[in-house]
Amino acid sequence: MPTSPHVDFKFKNNNVLQTTPMLGVSCVLARTTKGPYDDPSEIISTFSQFQRIYGSEIVPDGSVSNIEKALTGGSKLRVIRVLGKGATQGTVAATAASKTKAAAKSEEEGIVPASATPDPATPAALITITSSGTTYSLGLVTKGYGDPIGSTDSFQVGFYKQANTLYYKIYSGNGQVLEQGPVITYKTADENNDTSVDYLALSAFAKNSEYIKPVVVAGSSFENLIKWLTDNVDGTKNAITLTVGGAAPTEDEKKFTGTIGSAGSTPTAEEWVASLDFVKDYTDFYQLFISHISQHLTADADVLKVYKAAADMAKELMEWVLYIEVPKHLTHYTQGTQARDYKAQVTWVQTCLGTVGNSKYIAYFGGGLKYYNENGNLQDSDVIGTIAGLGDASATQYGPWKSFAGMNRGVIGDAVGPVCPNYGSPSRYSELNTLAQNYINEMVIKDTPDAGKQTMLWHCFSSQVKQDSERFLSIVRLNLYLKKFLRPVLNKYIEEPNVWSTWKRIWLEVKPTLDSLVDEDAMTEYTWMGDQDATSWDDLSVNNEADARQGKYRAILKYKDVVPMQEVTMEIVIDAASKSVSIVESSNNA
């Protein structure tokens with residue numbers, strides 16, 4: 001049967017985001033002047049973003065911030081703020097501020113005064129919700145620990161009611177409104193209406209305020225409060241009583257004074273170890289470093305305690321590499337002598353290895369760096385932030401499977417040089433080799449072919465004892481990349497039919513990325529063995545029918561890795577002449 005000529009259009013969109021892990025992300029534990037202590041969810045990409053959220057890094061000796069060097073060097077960071085000993089959140093007092101005093105003070109100084117000092121440890125019962133004999137009381141605490149509210153160290157919270165809705169406002173010390181919104185909407189039952197409570201508004205208030213959060217001071221938990229509002233209050237005839245500061249809210253705003261709390265004193269080793277628990281929430285980074293810890297903890301035993309906890313976590317999780325810095329004070333001349341003390345670095349690392357142990361997931365970096373600070377003074381600075389920047393910049397531009405040491409990806413253009421003597425000098429090879437044999441990746445100065453003498457990272461080793469290819473950090477990071485890439489792909493197929501058609505789809509999804517790794521010199525070839533070409537139970541080679549019919553699937557990825565060049569032998573030979581030399585005697589017959 002003939003058909004009339006026509007034109008068909010078919011659209012196919014191949015612009016689908018491929019499932020690949022993020023590159024160039026590190027995690028850092030640090031002391032900062034402000035910011036959330038328990039929420040590293042936001043990835044910090046620029047130093048200005050870090051300053052807006054966390055203020056500045058606390059560096060005891062006043063040298064250059066590791067976080068600043070990491071971000072300017074190319075890192076994206078998850079920042080875990082370490083609190084000091086005795087840190088407390090700020091609280092809001094149950095006593096309302098005096099309106100007359102507030103008005104008088106505002107006219108006099110242009111600020112709203114604090115009229116009461118809250119208990120710094122326990123929030124007062126400020127908001128009370130009662131229905132059918134059940135009562136929940138909420139106090140208010142700051143989300144920060146000693147963080148300024150707005151641009152000042154004092155603040156107030158005001159409450160007022162309009163049309164059955166309780167609203168709040170947060171004021172800075174100079175009276176500026178920083179934030180406002182609803183707390184909860186409620187009605188008491190009458191002849192025409194059942195009780196109604198907007199518990200979602202209360203939940204949003206608890207989660208979305210930038211400065212404060214409610215905590216239950218009478219009742220079991222905030223989750224149970226929401227459940228009680230949902231199951232027992234909303235849609236019932238039971239009357240609801242809501243008070244703020246012991247009185248029913250009105251249209252006239254009542255203000256309550258708050259304190260900002262305290263960031264605490266210098267943290268002990270226990271505070272640093274406690275902060276490590278937040279590392280477990282994320283697995284998208286390749287590098288973990290603990291900033292300036294040798295300055296915050298003066299006793300080596302305390303420093304090693306923190307590194308031991310982090311190292312145990314690194315070995316257990318196998319998701320990232322812990323970078324440990326050899327303290328820069330070990331890199332100077334030995335006091336009172338002219339002896340070079342590279343041995344002090346070796347001794348420190350050997351002591352650390354005795355506590356922490358060797359692992360492919362632990363790497364050591366030494367040498368320190370000299371940087372000009374913002375005032376133009378040359379300072380001895382820690383190196384670990386710069387190292388994180390090198391590693392992340394290399395991962396973003398070339399892939400985590402490329403070494404970030406040497407002249408191509410390890411040069412630090414703004415560093416004046418290492419704090420230590422230049423072990424990169426050819427005449428000091430024996431000393432540099434000793435550092436390498438003790439797993440120390442060192443900052444050196446080397447002659448480059450087109451830029452003269454440059455400061456750079458030399459060596460890129462893990463601290464693994466076994467001399468296989470995972471002694472190179474580039475191979476460890478390649479395996480981490482494969483793990484981070486394959487995990488979401490394989491998780492996607494959980495609960496799918498465990499049969500060869502599913503196995504084939506897995507193979508087709510991972511193949512493009514594996515092919516790209518060959519093209520980018522991460523590996524020279526690979527083999528995927530997952531029975532992806534099977535068409536019956538008899539065709540299985542890696543799996544077997546009994547396990548497969550119990551929901552178990554096994555795949556094997558074998559590949560030939562590409563390690564960084566480590567040794568070059570150049571033979572220079574003066575060749576023999578191509579013709580023989582003739583000696584001719586002549587005689588004069590004069």
# chains A, B, ... in the order shown; residues from 1 in each chain; ligands from 1

call {"tool": "residues_around", "arguments": {"residues": "A:Asp38", "least_positions_apart": "2", "cutoff": "12 Å", "atoms": "only C-alpha atoms", "output": "list of chain:residue names"}}
result
A:Leu29, A:Gly35, A:Pro36, A:Pro40, A:Ser41, A:Glu42, A:Arg78, A:Val79, A:Ile80, A:Arg81, A:Val82, A:Leu83, A:Lys143, A:Gly144, A:Tyr145, A:Ala274, A:Ser275, A:Leu276, A:Asp277, A:Phe278, A:Val279, A:Lys280, A:Asp281

call {"tool": "select_by_dssp", "arguments": {"residues": "stretch 183-215 of chain A", "states": "strand (DSSP E or B)", "output": "ChimeraX atom specification"}}
result
/A:183-187,196-197,212-215

call {"tool": "residues_around", "arguments": {"residues": "A:Tyr481", "least_positions_apart": "2", "cutoff": "10 Å", "atoms": "only C-alpha atoms", "output": "CSV table (one decimal) with N, CA and C atoms, in the first residue's frame"}}
result
chain,number,residue,atom,x,y,z
A,20,THR,N,29.5,10.9,37.4
A,20,THR,CA,31.0,10.8,37.7
A,20,THR,C,31.2,11.6,39.0
A,21,PRO,N,32.2,11.2,39.8
A,21,PRO,CA,32.4,11.9,41.1
A,21,PRO,C,32.9,13.3,40.9
A,22,MET,N,32.7,14.1,41.9
A,22,MET,CA,33.3,15.5,41.9
A,22,MET,C,34.8,15.4,42.0
A,23,LEU,N,35.4,16.4,41.4
A,23,LEU,CA,36.9,16.4,41.4
A,23,LEU,C,37.3,17.7,42.1
A,284,ASP,N,32.7,12.6,49.1
A,284,ASP,CA,33.0,13.1,47.7
A,284,ASP,C,34.4,13.8,47.6
A,285,PHE,N,35.2,13.8,48.7
A,285,PHE,CA,36.5,14.4,48.7
A,285,PHE,C,37.6,13.4,48.6
A,286,TYR,N,38.8,13.8,48.2
A,286,TYR,CA,40.0,12.9,48.1
A,286,TYR,C,41.0,13.2,49.2
A,319,GLU,N,38.1,6.1,51.8
A,319,GLU,CA,37.4,7.0,50.9
A,319,GLU,C,38.2,8.2,50.6
A,320,TRP,N,39.3,8.4,51.3
A,320,TRP,CA,40.1,9.6,51.1
A,320,TRP,C,41.5,9.4,51.7
A,399,GLY,N,42.7,15.2,36.3
A,399,GLY,CA,42.2,14.0,36.8
A,399,GLY,C,43.0,13.6,38.1
A,400,PRO,N,42.3,13.0,39.1
A,400,PRO,CA,43.1,12.6,40.3
A,400,PRO,C,44.1,11.6,40.1
A,401,TRP,N,44.1,10.9,39.0
A,401,TRP,CA,45.1,9.9,38.7
A,401,TRP,C,46.5,10.4,38.2
A,475,ILE,N,48.0,6.5,42.0
A,475,ILE,CA,47.3,5.3,41.9
A,475,ILE,C,46.3,5.1,43.0
A,476,VAL,N,46.6,5.5,44.2
A,476,VAL,CA,45.6,5.5,45.3
A,476,VAL,C,44.4,6.4,44.9
A,477,ARG,N,44.7,7.5,44.4
A,477,ARG,CA,43.6,8.5,44.0
A,477,ARG,C,42.8,7.9,42.8
A,478,LEU,N,43.4,7.2,41.9
A,478,LEU,CA,42.7,6.6,40.8
A,478,LEU,C,41.7,5.5,41.3
A,479,ASN,N,42.2,4.7,42.3
A,479,ASN,CA,41.3,3.7,42.9
A,479,ASN,C,40.1,4.4,43.6
A,483,LYS,N,36.2,4.0,42.8
A,483,LYS,CA,35.2,3.7,43.8
A,483,LYS,C,34.0,4.7,43.8
A,484,LYS,N,34.4,6.0,43.8
A,484,LYS,CA,33.4,7.0,43.8
A,484,LYS,C,32.5,7.0,42.5
A,485,PHE,N,33.1,6.6,41.4
A,485,PHE,CA,32.3,6.5,40.2
A,485,PHE,C,31.4,5.3,40.1
A,486,LEU,N,31.9,4.2,40.5
A,486,LEU,CA,31.2,2.9,40.4
A,486,LEU,C,30.1,2.8,41.4

call {"tool": "residues_around", "arguments": {"residues": "A:Ile387", "least_positions_apart": "5", "cutoff": "10 Å", "atoms": "only C-alpha atoms", "output": "MDAnalysis selection string"}}
result
chainID A and resid 66 69:70 73 75 287 289 323 325 365 382 392:393 404:405 410 412 443 456:457

call {"tool": "closest_residue", "arguments": {"among": "A:Ser172, A:Gln295, A:Asn208, A:Ser137", "to": "A:Leu225", "atoms": "only C-alpha atoms"}}
result
A:Ser137

call {"tool": "select_by_dssp", "arguments": {"residues": "stretch 173-279 of chain A", "states": "helix (DSSP H, G or I)", "output": "MDAnalysis selection string"}}
result
chainID A and resid 199:208 222:233 269:279

call {"tool": "atom_distance", "arguments": {"atom1": "atom CA of A:Trp458", "atom2": "atom CA of A:Gly424"}}
result
7.9 Å
